[in-house]
Amino acid sequence: MAEVAVRNVIKKYGHLQVIHGVNIEIADGEFVVLVGPSGCGKSTLLRMIAGLESISGGEVLIGGRVVNDVLPKDRDIAMVFQNYALYPHKTVAENMGFPLKLKGRPKEEIAAKVRKAAEILALEKLLDRYPKQLSGGQRQRVAMGRAIVRDPQVFLFDEPLSNLDAKLRVTMRVEIKELHQRLKTTTVYVTHDQIEAMTMADKIVVMRDGHVEQIGAPLELYDRPANVFVAGFIGSPAMNFVRGRIEARDGGAAFVSDHGTVLPVPAGTAPRAEPVAYGIRPEHIDVRDGGISATISVLEPTGSETQIFAHLGGDAINAAVRERISARPGETVPLLIDPARVHLFDDKSGARI
Amino acid sequence: MRSNTVGWLMLAPTIAILGIFGILPFIYVLYVAFHQWNPFGANPDMVYNGANNFRRLVFDGEFLFSIGVTIKFAFFAVLSEIALGYLLAQLFMREFPGRGLFRTIHTLPLIVAPIVVGSVWRLMTTPSIGIIPYFLKSWFGYDLNIGRDAGAAFTLTVLMDIWHWTPLVTLTLLAALLSLPKEPFEQAQIDGANRWQIFWHITLPMIRPAILATVFIRLMDALRTVDEVWMLTSGGPGAATRYVGLHIWKIVFPKTDYGYGAAISVIVLYLTLVMCWLLYVALVAPRQKKQEAE
Ligand SMILES: Nc1ncnc2c1ncn2[C@@H]1O[C@H](COP(=O)(O)OP(=O)(O)O)[C@@H](O)[C@H]1O
Ligand SMILES: [Mg+2]
């Protein structure tokens, strides 16, 4: 086990720079998730940690050692790829034992370690199969088994669940999490799915266009997103944003949207000349008397909650409430916003105010 | 059953053509092989003589020798072509300046007709005319005379075959390498494999079907080589490079011994099939069994 550090790391493909000076400190045993939209450079960063991509600038440290010029095989890491990367001509047992075989370990030791990993992952019955005889979930487990068998310093995962169906994804998510709690190996996990990030991570790194937007614990990011991007990316359904200004009202302040809708702001907010983005999560809006009346355009009941897509004057807003709504599209409902849960961002820079 | 009839009807032209151009001639050769037939011999008529042609061939030293050198020739040529072709394919997988140009130039031998290849090599190697003996003499003091030196003649026919056919191997292996997924290779790097181990444990098993197909194609081609070698050495010196195709040619054309020539052809076809089958059994079947045993 080891801590991992990424310091001012840069990646260039010719003239194209795709990673712009990234800094991440990962503690020993921590489960860190790199999350961001497709193409933001997550895989590139992970592959630089693995040693599969050269590092154009900055340093990567594993266990306190700079590994920029260390070959992948000497970094003591294990990686799990999105498409599993199993060796098609080797059986499950051979796939899992291959790293040990390369190290010249005795056959009995390899067999014992493979058996142990197979037990952890419930693969015992599949050891003699070939990858093409396995389902997607089983293949993914074999790939994880191969990583476990090596007992590496660091686990690297690149979107390991993206090829699985939704239900299996949830199961495997829990399995990976359990595995981490059991082995406590430092893990860097890449995904574009913010739910995976929120549910699995000790620490989330939100990336966009080769920059780190924010690093923090899942609930920190949820409660105090550093900017509009993180606010919109983390949380589902996504946060509502309304553009407008903060004006003085009744001795305090209130938000007035470009369309004239007046919305409450947290206590102590000062009026402001520059335009702001007003953010409120759908789950922090209630249907209750005393709220602002909004016109329903679409209702989506899911059983456990109801999503309301509505209009407040000219502004579209989305609310998610636990109770069932008897109103119909076209009718109005009173929407009550909890001012303490409102996020305000500078409209130009996107930074939190 | 109607659709079945339609299916057969649609296949009928193909089957007819195959029958006329493939199966009928073969049956005819088989038929001739059981006859004594030399239109310019003492008895120009076709006379049935049972298995005599085949009996004769078992004791025919010239024939047995030609089978031997043919196998030797095919072995050295195909083995070198696979090895060299693989190395070139790996080279073309890398980025280097002029790669496209080099790749194109390197395939040019493939489009040259064997007879032309043979004549060019002949011109280049004829003693006192060709440039190769000239430079070998002036640089290394080596006298290359393929008209007298059996070993040199044999080596040259192998080299010519390598020159002519390696590009084919390169192309098929390059196509196979390009179609491989890259993750298993990255995984192997992480797993701790060095270059040789990656080649042995990952690349080779993954392109094995392509290698086998190429070996089969090249082996069958090499076993029936005629025109190139005919142009280069005419089978000489003596019978040193008289590969079995040339041997058949000698019997059928100058000697017009059709019955015996047909018998040899049948046996050679049979030997080729047996060799390919042995290769298949040795290399493919055990793995399939292993996989199907699940
Ligand atoms: N070999 C390469 N050459 C040039 N650009 C690349 C290469 N690999 C990735 N990129 C670019 O780098 C950016 C980040 O890619 P990647 O790390 O795969 O994104 P992610 O994994 O976050 O979806 C993308 O814009 C991609 O086009
Ligand atoms: Mg990716």
# chains A, B, ... in the order shown; residues from 1 in each chain; ligands from 1
$ interface_residues --of "chain A" --to "chain B" --cutoff "6 Å" --atoms "only C-alpha atoms" --output "list in words"
Pro72, Lys73, Ala85 and Pro99 of chain A
$ residues_around --residues "Ile82 of chain B" --least-positions-apart "4" --cutoff "7 Å" --atoms "only C-alpha atoms" --output "number ranges by chain"
B: 78, 86, 169
$ write_last_selection --atoms "C-alpha atoms" --output "mmCIF file, in the first residue's frame"
data_model
loop_
_atom_site.group_PDB
_atom_site.id
_atom_site.type_symbol
_atom_site.label_atom_id
_atom_site.label_comp_id
_atom_site.auth_asym_id
_atom_site.auth_seq_id
_atom_site.Cartn_x
_atom_site.Cartn_y
_atom_site.Cartn_z
ATOM 1 C CA VAL B 78 8.646 -20.825 -45.488
ATOM 2 C CA TYR B 86 6.856 -11.052 -38.816
ATOM 3 C CA VAL B 169 3.580 -12.820 -45.174
#
$ select_by_dssp --residues "segment 110-314 of chain A" --states "strand (DSSP E)" --output "PDB file with C-alpha atoms, in the first residue's frame"
ATOM      1  CA  VAL A 154      -2.276   0.795  -5.962  1.00  0.00           C
ATOM      2  CA  PHE A 155      -5.377  -0.271  -7.867  1.00  0.00           C
ATOM      3  CA  LEU A 156      -6.255   1.721 -10.969  1.00  0.00           C
ATOM      4  CA  PHE A 157      -9.710   1.387 -12.513  1.00  0.00           C
ATOM      5  CA  ASP A 158     -10.695   2.971 -15.826  1.00  0.00           C
ATOM      6  CA  THR A 186      -5.060   2.725  -2.364  1.00  0.00           C
ATOM      7  CA  THR A 187      -7.399   3.044  -5.320  1.00  0.00           C
ATOM      8  CA  VAL A 188      -7.789   5.500  -8.170  1.00  0.00           C
ATOM      9  CA  TYR A 189     -11.051   4.993  -9.984  1.00  0.00           C
ATOM     10  CA  VAL A 190     -12.085   6.769 -13.178  1.00  0.00           C
ATOM     11  CA  THR A 191     -15.714   7.242 -14.167  1.00  0.00           C
ATOM     12  CA  LYS A 203     -12.524  11.689  -2.163  1.00  0.00           C
ATOM     13  CA  ILE A 204     -13.737  12.933  -5.520  1.00  0.00           C
ATOM     14  CA  VAL A 205     -11.653  14.818  -8.064  1.00  0.00           C
ATOM     15  CA  VAL A 206     -13.904  16.652 -10.524  1.00  0.00           C
ATOM     16  CA  MET A 207     -12.167  17.337 -13.818  1.00  0.00           C
ATOM     17  CA  ARG A 208     -13.033  19.384 -16.869  1.00  0.00           C
ATOM     18  CA  HIS A 211      -8.203  20.982 -15.241  1.00  0.00           C
ATOM     19  CA  VAL A 212      -9.192  19.971 -11.737  1.00  0.00           C
ATOM     20  CA  GLU A 213     -12.362  21.853 -10.834  1.00  0.00           C
ATOM     21  CA  GLN A 214     -12.659  20.696  -7.233  1.00  0.00           C
ATOM     22  CA  ILE A 215     -11.372  18.020  -4.885  1.00  0.00           C
ATOM     23  CA  GLY A 216     -13.338  16.935  -1.838  1.00  0.00           C
ATOM     24  CA  ASN A 240     -31.461  24.368 -11.275  1.00  0.00           C
ATOM     25  CA  PHE A 241     -29.712  27.522 -12.404  1.00  0.00           C
ATOM     26  CA  VAL A 242     -31.393  30.884 -12.855  1.00  0.00           C
ATOM     27  CA  ARG A 243     -29.594  33.993 -14.046  1.00  0.00           C
ATOM     28  CA  GLY A 244     -30.222  37.334 -12.399  1.00  0.00           C
ATOM     29  CA  ARG A 245     -29.110  39.863  -9.766  1.00  0.00           C
ATOM     30  CA  ILE A 246     -29.160  40.243  -6.025  1.00  0.00           C
ATOM     31  CA  GLU A 247     -31.058  43.344  -5.022  1.00  0.00           C
ATOM     32  CA  ALA A 248     -31.836  45.006  -1.694  1.00  0.00           C
ATOM     33  CA  ARG A 249     -35.349  44.162  -0.465  1.00  0.00           C
ATOM     34  CA  GLY A 252     -32.342  42.352   3.444  1.00  0.00           C
ATOM     35  CA  ALA A 253     -31.621  41.059  -0.052  1.00  0.00           C
ATOM     36  CA  ALA A 254     -33.414  38.921  -2.616  1.00  0.00           C
ATOM     37  CA  PHE A 255     -32.601  37.399  -5.964  1.00  0.00           C
ATOM     38  CA  VAL A 256     -34.388  38.851  -8.974  1.00  0.00           C
ATOM     39  CA  SER A 257     -34.085  36.828 -12.152  1.00  0.00           C
ATOM     40  CA  VAL A 262     -38.078  36.971  -7.033  1.00  0.00           C
ATOM     41  CA  LEU A 263     -36.410  34.131  -5.085  1.00  0.00           C
ATOM     42  CA  ARG A 272     -24.485  42.797  -5.706  1.00  0.00           C
ATOM     43  CA  ALA A 273     -24.080  44.740  -8.922  1.00  0.00           C
ATOM     44  CA  GLU A 274     -22.696  41.889 -11.065  1.00  0.00           C
ATOM     45  CA  PRO A 275     -25.045  39.237 -12.426  1.00  0.00           C
ATOM     46  CA  VAL A 276     -25.166  35.948 -10.526  1.00  0.00           C
ATOM     47  CA  ALA A 277     -26.184  32.356 -11.219  1.00  0.00           C
ATOM     48  CA  TYR A 278     -28.696  31.226  -8.638  1.00  0.00           C
ATOM     49  CA  GLY A 279     -28.523  27.480  -7.948  1.00  0.00           C
ATOM     50  CA  ILE A 280     -31.007  25.330  -6.084  1.00  0.00           C
ATOM     51  CA  ILE A 285     -37.625  22.647  -3.246  1.00  0.00           C
ATOM     52  CA  ASP A 286     -40.888  21.714  -1.523  1.00  0.00           C
ATOM     53  CA  VAL A 287     -44.490  21.901  -2.567  1.00  0.00           C
ATOM     54  CA  ARG A 288     -45.978  23.809   0.352  1.00  0.00           C
ATOM     55  CA  ASP A 289     -48.365  26.664   1.033  1.00  0.00           C
ATOM     56  CA  GLY A 290     -46.591  29.985   1.164  1.00  0.00           C
ATOM     57  CA  GLY A 291     -44.333  29.049  -1.751  1.00  0.00           C
ATOM     58  CA  ILE A 292     -44.063  30.834  -5.061  1.00  0.00           C
ATOM     59  CA  SER A 293     -46.695  29.660  -7.444  1.00  0.00           C
ATOM     60  CA  ALA A 294     -45.362  27.859 -10.495  1.00  0.00           C
ATOM     61  CA  THR A 295     -47.083  26.368 -13.545  1.00  0.00           C
ATOM     62  CA  ILE A 296     -46.539  22.649 -14.001  1.00  0.00           C
ATOM     63  CA  SER A 297     -45.427  21.598 -17.477  1.00  0.00           C
ATOM     64  CA  VAL A 298     -44.530  17.943 -16.905  1.00  0.00           C
ATOM     65  CA  LEU A 299     -44.891  15.553 -13.959  1.00  0.00           C
ATOM     66  CA  GLU A 300     -42.705  12.455 -13.601  1.00  0.00           C
ATOM     67  CA  PRO A 301     -43.847  10.194 -10.767  1.00  0.00           C
ATOM     68  CA  THR A 306     -42.175  12.957  -8.001  1.00  0.00           C
ATOM     69  CA  GLN A 307     -40.272  15.215 -10.341  1.00  0.00           C
ATOM     70  CA  ILE A 308     -42.006  18.421 -11.269  1.00  0.00           C
ATOM     71  CA  PHE A 309     -40.922  20.412 -14.295  1.00  0.00           C
ATOM     72  CA  ALA A 310     -42.470  23.839 -13.889  1.00  0.00           C
ATOM     73  CA  HIS A 311     -42.295  27.488 -14.943  1.00  0.00           C
ATOM     74  CA  LEU A 312     -41.773  30.379 -12.568  1.00  0.00           C
TER      75      LEU A 312
END
$ residues_near_ligand --ligand "ligand 1" --cutoff "6 Å" --atoms "only C-alpha atoms and all ligand atoms" --output "list in words"
Tyr13, Val18, Ser38, Gly39, Cys40, Gly41, Lys42, Ser43 and Thr44 of chain A
$ residues_around --residues "Ile162 of chain B" --least-positions-apart "5" --cutoff "8 Å" --atoms "only C-alpha atoms" --output "PyMOL selection string"
chain B and resi 77-78+80-81
$ atom_distance --atom1 "atom CA of Arg7 of chain A" --atom2 "atom CA of Val66 of chain A"
10.2 Å
$ select_by_dssp --residues "segment 157-295 of chain A" --states "helix (DSSP H, G or I)" --output "PDB file with N, CA and C atoms, in the first residue's frame"
ATOM      1  N   ALA A 166     -27.349  -1.692 -16.258  1.00  0.00           N
ATOM      2  CA  ALA A 166     -27.556  -0.822 -15.095  1.00  0.00           C
ATOM      3  C   ALA A 166     -27.610  -1.590 -13.782  1.00  0.00           C
ATOM      4  N   LYS A 167     -28.299  -2.712 -13.798  1.00  0.00           N
ATOM      5  CA  LYS A 167     -28.487  -3.451 -12.560  1.00  0.00           C
ATOM      6  C   LYS A 167     -27.167  -4.041 -12.059  1.00  0.00           C
ATOM      7  N   LEU A 168     -26.426  -4.641 -13.008  1.00  0.00           N
ATOM      8  CA  LEU A 168     -25.148  -5.250 -12.670  1.00  0.00           C
ATOM      9  C   LEU A 168     -24.168  -4.187 -12.179  1.00  0.00           C
ATOM     10  N   ARG A 169     -24.303  -2.996 -12.759  1.00  0.00           N
ATOM     11  CA  ARG A 169     -23.420  -1.901 -12.379  1.00  0.00           C
ATOM     12  C   ARG A 169     -23.565  -1.606 -10.891  1.00  0.00           C
ATOM     13  N   VAL A 170     -24.806  -1.606 -10.424  1.00  0.00           N
ATOM     14  CA  VAL A 170     -25.039  -1.308  -9.010  1.00  0.00           C
ATOM     15  C   VAL A 170     -24.438  -2.407  -8.133  1.00  0.00           C
ATOM     16  N   THR A 171     -24.648  -3.658  -8.536  1.00  0.00           N
ATOM     17  CA  THR A 171     -24.094  -4.781  -7.764  1.00  0.00           C
ATOM     18  C   THR A 171     -22.574  -4.699  -7.698  1.00  0.00           C
ATOM     19  N   MET A 172     -21.962  -4.484  -8.854  1.00  0.00           N
ATOM     20  CA  MET A 172     -20.500  -4.471  -8.916  1.00  0.00           C
ATOM     21  C   MET A 172     -19.930  -3.286  -8.142  1.00  0.00           C
ATOM     22  N   ARG A 173     -20.675  -2.181  -8.176  1.00  0.00           N
ATOM     23  CA  ARG A 173     -20.271  -0.988  -7.437  1.00  0.00           C
ATOM     24  C   ARG A 173     -20.106  -1.349  -5.960  1.00  0.00           C
ATOM     25  N   VAL A 174     -21.101  -2.035  -5.452  1.00  0.00           N
ATOM     26  CA  VAL A 174     -21.058  -2.429  -4.041  1.00  0.00           C
ATOM     27  C   VAL A 174     -19.902  -3.404  -3.818  1.00  0.00           C
ATOM     28  N   GLU A 175     -19.729  -4.324  -4.785  1.00  0.00           N
ATOM     29  CA  GLU A 175     -18.666  -5.317  -4.627  1.00  0.00           C
ATOM     30  C   GLU A 175     -17.289  -4.671  -4.577  1.00  0.00           C
ATOM     31  N   ILE A 176     -17.078  -3.710  -5.471  1.00  0.00           N
ATOM     32  CA  ILE A 176     -15.772  -3.042  -5.494  1.00  0.00           C
ATOM     33  C   ILE A 176     -15.547  -2.299  -4.188  1.00  0.00           C
ATOM     34  N   LYS A 177     -16.598  -1.673  -3.715  1.00  0.00           N
ATOM     35  CA  LYS A 177     -16.510  -0.923  -2.460  1.00  0.00           C
ATOM     36  C   LYS A 177     -16.176  -1.871  -1.297  1.00  0.00           C
ATOM     37  N   GLU A 178     -16.861  -2.994  -1.266  1.00  0.00           N
ATOM     38  CA  GLU A 178     -16.591  -3.985  -0.209  1.00  0.00           C
ATOM     39  C   GLU A 178     -15.162  -4.492  -0.283  1.00  0.00           C
ATOM     40  N   LEU A 179     -14.751  -4.731  -1.517  1.00  0.00           N
ATOM     41  CA  LEU A 179     -13.389  -5.218  -1.733  1.00  0.00           C
ATOM     42  C   LEU A 179     -12.376  -4.225  -1.180  1.00  0.00           C
ATOM     43  N   HIS A 180     -12.641  -2.962  -1.426  1.00  0.00           N
ATOM     44  CA  HIS A 180     -11.720  -1.936  -0.933  1.00  0.00           C
ATOM     45  C   HIS A 180     -11.720  -1.886   0.587  1.00  0.00           C
ATOM     46  N   GLN A 181     -12.896  -2.021   1.172  1.00  0.00           N
ATOM     47  CA  GLN A 181     -12.952  -1.986   2.634  1.00  0.00           C
ATOM     48  C   GLN A 181     -12.196  -3.164   3.229  1.00  0.00           C
ATOM     49  N   ARG A 182     -12.164  -4.260   2.476  1.00  0.00           N
ATOM     50  CA  ARG A 182     -11.500  -5.448   2.965  1.00  0.00           C
ATOM     51  C   ARG A 182      -9.990  -5.386   2.761  1.00  0.00           C
ATOM     52  N   LEU A 183      -9.580  -4.942   1.571  1.00  0.00           N
ATOM     53  CA  LEU A 183      -8.143  -4.959   1.255  1.00  0.00           C
ATOM     54  C   LEU A 183      -7.441  -3.657   1.629  1.00  0.00           C
ATOM     55  N   GLN A 194     -21.422  10.415 -12.161  1.00  0.00           N
ATOM     56  CA  GLN A 194     -21.269  11.079 -10.868  1.00  0.00           C
ATOM     57  C   GLN A 194     -21.888  10.259  -9.738  1.00  0.00           C
ATOM     58  N   ILE A 195     -22.869   9.405 -10.062  1.00  0.00           N
ATOM     59  CA  ILE A 195     -23.451   8.574  -8.999  1.00  0.00           C
ATOM     60  C   ILE A 195     -22.421   7.575  -8.512  1.00  0.00           C
ATOM     61  N   GLU A 196     -21.693   6.953  -9.458  1.00  0.00           N
ATOM     62  CA  GLU A 196     -20.610   6.055  -9.067  1.00  0.00           C
ATOM     63  C   GLU A 196     -19.618   6.808  -8.187  1.00  0.00           C
ATOM     64  N   ALA A 197     -19.285   8.004  -8.610  1.00  0.00           N
ATOM     65  CA  ALA A 197     -18.318   8.801  -7.843  1.00  0.00           C
ATOM     66  C   ALA A 197     -18.840   9.065  -6.438  1.00  0.00           C
ATOM     67  N   MET A 198     -20.077   9.519  -6.340  1.00  0.00           N
ATOM     68  CA  MET A 198     -20.639   9.874  -5.038  1.00  0.00           C
ATOM     69  C   MET A 198     -20.711   8.654  -4.117  1.00  0.00           C
ATOM     70  N   THR A 199     -21.107   7.512  -4.669  1.00  0.00           N
ATOM     71  CA  THR A 199     -21.341   6.353  -3.812  1.00  0.00           C
ATOM     72  C   THR A 199     -20.055   5.640  -3.408  1.00  0.00           C
ATOM     73  N   MET A 200     -19.021   5.721  -4.239  1.00  0.00           N
ATOM     74  CA  MET A 200     -17.844   4.898  -3.957  1.00  0.00           C
ATOM     75  C   MET A 200     -16.704   5.652  -3.298  1.00  0.00           C
ATOM     76  N   PRO A 218     -17.416  13.395  -1.077  1.00  0.00           N
ATOM     77  CA  PRO A 218     -18.657  13.474  -1.863  1.00  0.00           C
ATOM     78  C   PRO A 218     -19.646  14.504  -1.314  1.00  0.00           C
ATOM     79  N   LEU A 219     -19.917  14.471  -0.018  1.00  0.00           N
ATOM     80  CA  LEU A 219     -20.929  15.381   0.500  1.00  0.00           C
ATOM     81  C   LEU A 219     -20.447  16.824   0.536  1.00  0.00           C
ATOM     82  N   GLU A 220     -19.147  17.003   0.662  1.00  0.00           N
ATOM     83  CA  GLU A 220     -18.589  18.362   0.571  1.00  0.00           C
ATOM     84  C   GLU A 220     -18.903  18.958  -0.796  1.00  0.00           C
ATOM     85  N   LEU A 221     -18.682  18.154  -1.826  1.00  0.00           N
ATOM     86  CA  LEU A 221     -18.933  18.644  -3.174  1.00  0.00           C
ATOM     87  C   LEU A 221     -20.415  18.918  -3.358  1.00  0.00           C
ATOM     88  N   TYR A 222     -21.223  18.095  -2.751  1.00  0.00           N
ATOM     89  CA  TYR A 222     -22.662  18.252  -2.875  1.00  0.00           C
ATOM     90  C   TYR A 222     -23.120  19.506  -2.129  1.00  0.00           C
ATOM     91  N   ASP A 223     -22.584  19.701  -0.930  1.00  0.00           N
ATOM     92  CA  ASP A 223     -23.042  20.815  -0.103  1.00  0.00           C
ATOM     93  C   ASP A 223     -22.401  22.140  -0.482  1.00  0.00           C
ATOM     94  N   VAL A 228     -19.971  26.643 -10.716  1.00  0.00           N
ATOM     95  CA  VAL A 228     -21.185  26.240 -11.419  1.00  0.00           C
ATOM     96  C   VAL A 228     -21.024  24.852 -12.039  1.00  0.00           C
ATOM     97  N   PHE A 229     -19.812  24.578 -12.570  1.00  0.00           N
ATOM     98  CA  PHE A 229     -19.611  23.288 -13.230  1.00  0.00           C
ATOM     99  C   PHE A 229     -19.799  22.126 -12.251  1.00  0.00           C
ATOM    100  N   VAL A 230     -19.123  22.220 -11.109  1.00  0.00           N
ATOM    101  CA  VAL A 230     -19.232  21.144 -10.128  1.00  0.00           C
ATOM    102  C   VAL A 230     -20.671  21.051  -9.626  1.00  0.00           C
ATOM    103  N   ALA A 231     -21.281  22.207  -9.383  1.00  0.00           N
ATOM    104  CA  ALA A 231     -22.659  22.223  -8.891  1.00  0.00           C
ATOM    105  C   ALA A 231     -23.581  21.499  -9.861  1.00  0.00           C
ATOM    106  N   GLY A 232     -23.380  21.719 -11.148  1.00  0.00           N
ATOM    107  CA  GLY A 232     -24.247  21.109 -12.143  1.00  0.00           C
ATOM    108  C   GLY A 232     -23.906  19.652 -12.380  1.00  0.00           C
ATOM    109  N   PHE A 233     -22.636  19.298 -12.143  1.00  0.00           N
ATOM    110  CA  PHE A 233     -22.202  17.936 -12.455  1.00  0.00           C
ATOM    111  C   PHE A 233     -22.553  16.963 -11.343  1.00  0.00           C
ATOM    112  N   PRO A 282     -33.100  20.373  -7.048  1.00  0.00           N
ATOM    113  CA  PRO A 282     -34.523  20.020  -7.113  1.00  0.00           C
ATOM    114  C   PRO A 282     -35.039  19.465  -5.785  1.00  0.00           C
ATOM    115  N   GLU A 283     -34.188  18.691  -5.081  1.00  0.00           N
ATOM    116  CA  GLU A 283     -34.657  18.069  -3.838  1.00  0.00           C
ATOM    117  C   GLU A 283     -34.748  19.073  -2.695  1.00  0.00           C
ATOM    118  N   HIS A 284     -34.288  20.291  -2.903  1.00  0.00           N
ATOM    119  CA  HIS A 284     -34.393  21.311  -1.858  1.00  0.00           C
ATOM    120  C   HIS A 284     -35.538  22.276  -2.116  1.00  0.00           C
TER     121      HIS A 284
END
$ closest_residue --among "A:Gln133, A:Thr269, A:Ser162, A:Gln138" --to "ligand 2" --atoms "only C-alpha atoms and all ligand atoms"
A:Ser162
$ residues_around --residues "Trp37 of chain B" --least-positions-apart "6" --cutoff "6 Å" --atoms "only C-alpha atoms" --output "ChimeraX atom specification"
/B:46,258-259
$ write_last_selection --atoms "all heavy atoms" --output "PDB file, in the first residue's frame"
ATOM      1  N   MET B  46      -2.962 -45.348 -75.243  1.00  0.00           N
ATOM      2  CA  MET B  46      -3.129 -45.402 -73.803  1.00  0.00           C
ATOM      3  C   MET B  46      -3.473 -46.835 -73.416  1.00  0.00           C
ATOM      4  O   MET B  46      -4.461 -47.376 -73.902  1.00  0.00           O
ATOM      5  CB  MET B  46      -4.259 -44.465 -73.384  1.00  0.00           C
ATOM      6  CG  MET B  46      -4.100 -43.950 -71.961  1.00  0.00           C
ATOM      7  SD  MET B  46      -5.590 -43.157 -71.383  1.00  0.00           S
ATOM      8  CE  MET B  46      -5.492 -41.572 -72.122  1.00  0.00           C
ATOM      9  N   TYR B 258       3.170 -39.417 -70.177  1.00  0.00           N
ATOM     10  CA  TYR B 258       1.992 -38.847 -69.514  1.00  0.00           C
ATOM     11  C   TYR B 258       1.497 -39.680 -68.337  1.00  0.00           C
ATOM     12  O   TYR B 258       1.130 -39.177 -67.289  1.00  0.00           O
ATOM     13  CB  TYR B 258       0.854 -38.644 -70.514  1.00  0.00           C
ATOM     14  CG  TYR B 258       1.150 -37.608 -71.578  1.00  0.00           C
ATOM     15  CD1 TYR B 258       0.384 -37.522 -72.736  1.00  0.00           C
ATOM     16  CD2 TYR B 258       2.202 -36.697 -71.411  1.00  0.00           C
ATOM     17  CE1 TYR B 258       0.653 -36.576 -73.714  1.00  0.00           C
ATOM     18  CE2 TYR B 258       2.477 -35.752 -72.388  1.00  0.00           C
ATOM     19  CZ  TYR B 258       1.702 -35.696 -73.533  1.00  0.00           C
ATOM     20  OH  TYR B 258       1.974 -34.765 -74.479  1.00  0.00           O
ATOM     21  N   GLY B 259       1.474 -40.970 -68.523  1.00  0.00           N
ATOM     22  CA  GLY B 259       0.947 -41.849 -67.470  1.00  0.00           C
ATOM     23  C   GLY B 259       1.745 -41.711 -66.187  1.00  0.00           C
ATOM     24  O   GLY B 259       1.180 -41.493 -65.113  1.00  0.00           O
TER      25      GLY B 259
END
$ closest_residue --among "A:His15, A:Ala270, A:Thr185, A:Ile120" --to "Ala27 of chain A" --atoms "only C-alpha atoms"
A:Thr185
$ residues_around --residues "Val60 of chain A" --least-positions-apart "3" --cutoff "12 Å" --atoms "only C-alpha atoms" --output "PyMOL selection string"
chain A and resi 3-10+21-26+45-51+53-57+63-70+75
$ closest_atom_pairs --of "segment 218-243 of chain B" --to "segment 94-115 of chain B" --cutoff "12 Å" --atoms "only C-alpha atoms" --output "CSV"
residue,atom,partner,partner_atom,distance
B:Asp221,CA,B:Pro114,CA,11.7
B:Thr225,CA,B:Pro114,CA,9.3
B:Val226,CA,B:Pro114,CA,8.9
B:Asp227,CA,B:Ile115,CA,5.5
B:Glu228,CA,B:Pro114,CA,5.1
B:Val229,CA,B:Ile115,CA,8.6
B:Trp230,CA,B:Ile115,CA,8.3
B:Met231,CA,B:Ile115,CA,6.6
B:Leu232,CA,B:Ile115,CA,9.1
B:Ser234,CA,B:Ile115,CA,11.9
$ write_last_selection --atoms "N, CA and C atoms" --output "mmCIF file, in the first residue's frame"
data_model
loop_
_atom_site.group_PDB
_atom_site.id
_atom_site.type_symbol
_atom_site.label_atom_id
_atom_site.label_comp_id
_atom_site.auth_asym_id
_atom_site.auth_seq_id
_atom_site.Cartn_x
_atom_site.Cartn_y
_atom_site.Cartn_z
ATOM 1 N N ASP B 221 2.260 -23.307 -51.815
ATOM 2 C CA ASP B 221 2.900 -22.617 -52.938
ATOM 3 C C ASP B 221 4.324 -23.121 -53.150
ATOM 4 N N THR B 225 6.379 -24.987 -56.549
ATOM 5 C CA THR B 225 7.194 -24.021 -57.281
ATOM 6 C C THR B 225 7.734 -24.637 -58.568
ATOM 7 N N VAL B 226 7.575 -23.945 -59.674
ATOM 8 C CA VAL B 226 8.154 -24.427 -60.933
ATOM 9 C C VAL B 226 8.881 -23.312 -61.666
ATOM 10 N N ASP B 227 8.114 -22.311 -62.110
ATOM 11 C CA ASP B 227 8.619 -21.373 -63.121
ATOM 12 C C ASP B 227 9.823 -20.547 -62.689
ATOM 13 N N GLU B 228 9.781 -20.024 -61.438
ATOM 14 C CA GLU B 228 10.903 -19.207 -60.985
ATOM 15 C C GLU B 228 12.205 -20.003 -61.012
ATOM 16 N N VAL B 229 12.123 -21.191 -60.410
ATOM 17 C CA VAL B 229 13.324 -22.014 -60.298
ATOM 18 C C VAL B 229 13.756 -22.486 -61.682
ATOM 19 N N TRP B 230 12.784 -22.768 -62.513
ATOM 20 C CA TRP B 230 13.091 -23.177 -63.882
ATOM 21 C C TRP B 230 13.921 -22.106 -64.587
ATOM 22 N N MET B 231 13.519 -20.839 -64.418
ATOM 23 C CA MET B 231 14.254 -19.747 -65.049
ATOM 24 C C MET B 231 15.637 -19.578 -64.429
ATOM 25 N N LEU B 232 15.729 -19.745 -63.107
ATOM 26 C CA LEU B 232 16.987 -19.443 -62.421
ATOM 27 C C LEU B 232 18.026 -20.541 -62.635
ATOM 28 N N SER B 234 17.090 -23.981 -63.896
ATOM 29 C CA SER B 234 16.586 -25.101 -64.704
ATOM 30 C C SER B 234 16.670 -26.414 -63.940
#
$ residues_around --residues "Ala117 of chain A" --least-positions-apart "5" --cutoff "8 Å" --atoms "only C-alpha atoms" --output "VMD selection string"
chain A and resid 145 148 to 149
$ closest_residue --among "A:Asp76, A:Glu119, A:Glu59, A:Asp193" --to "ligand 2" --atoms "only C-alpha atoms and all ligand atoms"
A:Asp193
$ residues_around --residues "Tyr134 of chain B" --least-positions-apart "6" --cutoff "9 Å" --atoms "only C-alpha atoms" --output "MDAnalysis selection string"
chainID B and resid 125 127:128 143:144
$ closest_atom_pairs --of "segment 93-201 of chain B" --to "segment 238-243 of chain B" --cutoff "8 Å" --atoms "only C-alpha atoms" --output "CSV"
residue,atom,partner,partner_atom,distance
B:Ala150,CA,B:Ala240,CA,5.6
B:Gly151,CA,B:Ala240,CA,8.0
B:Ala153,CA,B:Thr241,CA,7.0
B:Phe154,CA,B:Thr241,CA,5.8
B:Thr157,CA,B:Thr241,CA,7.8
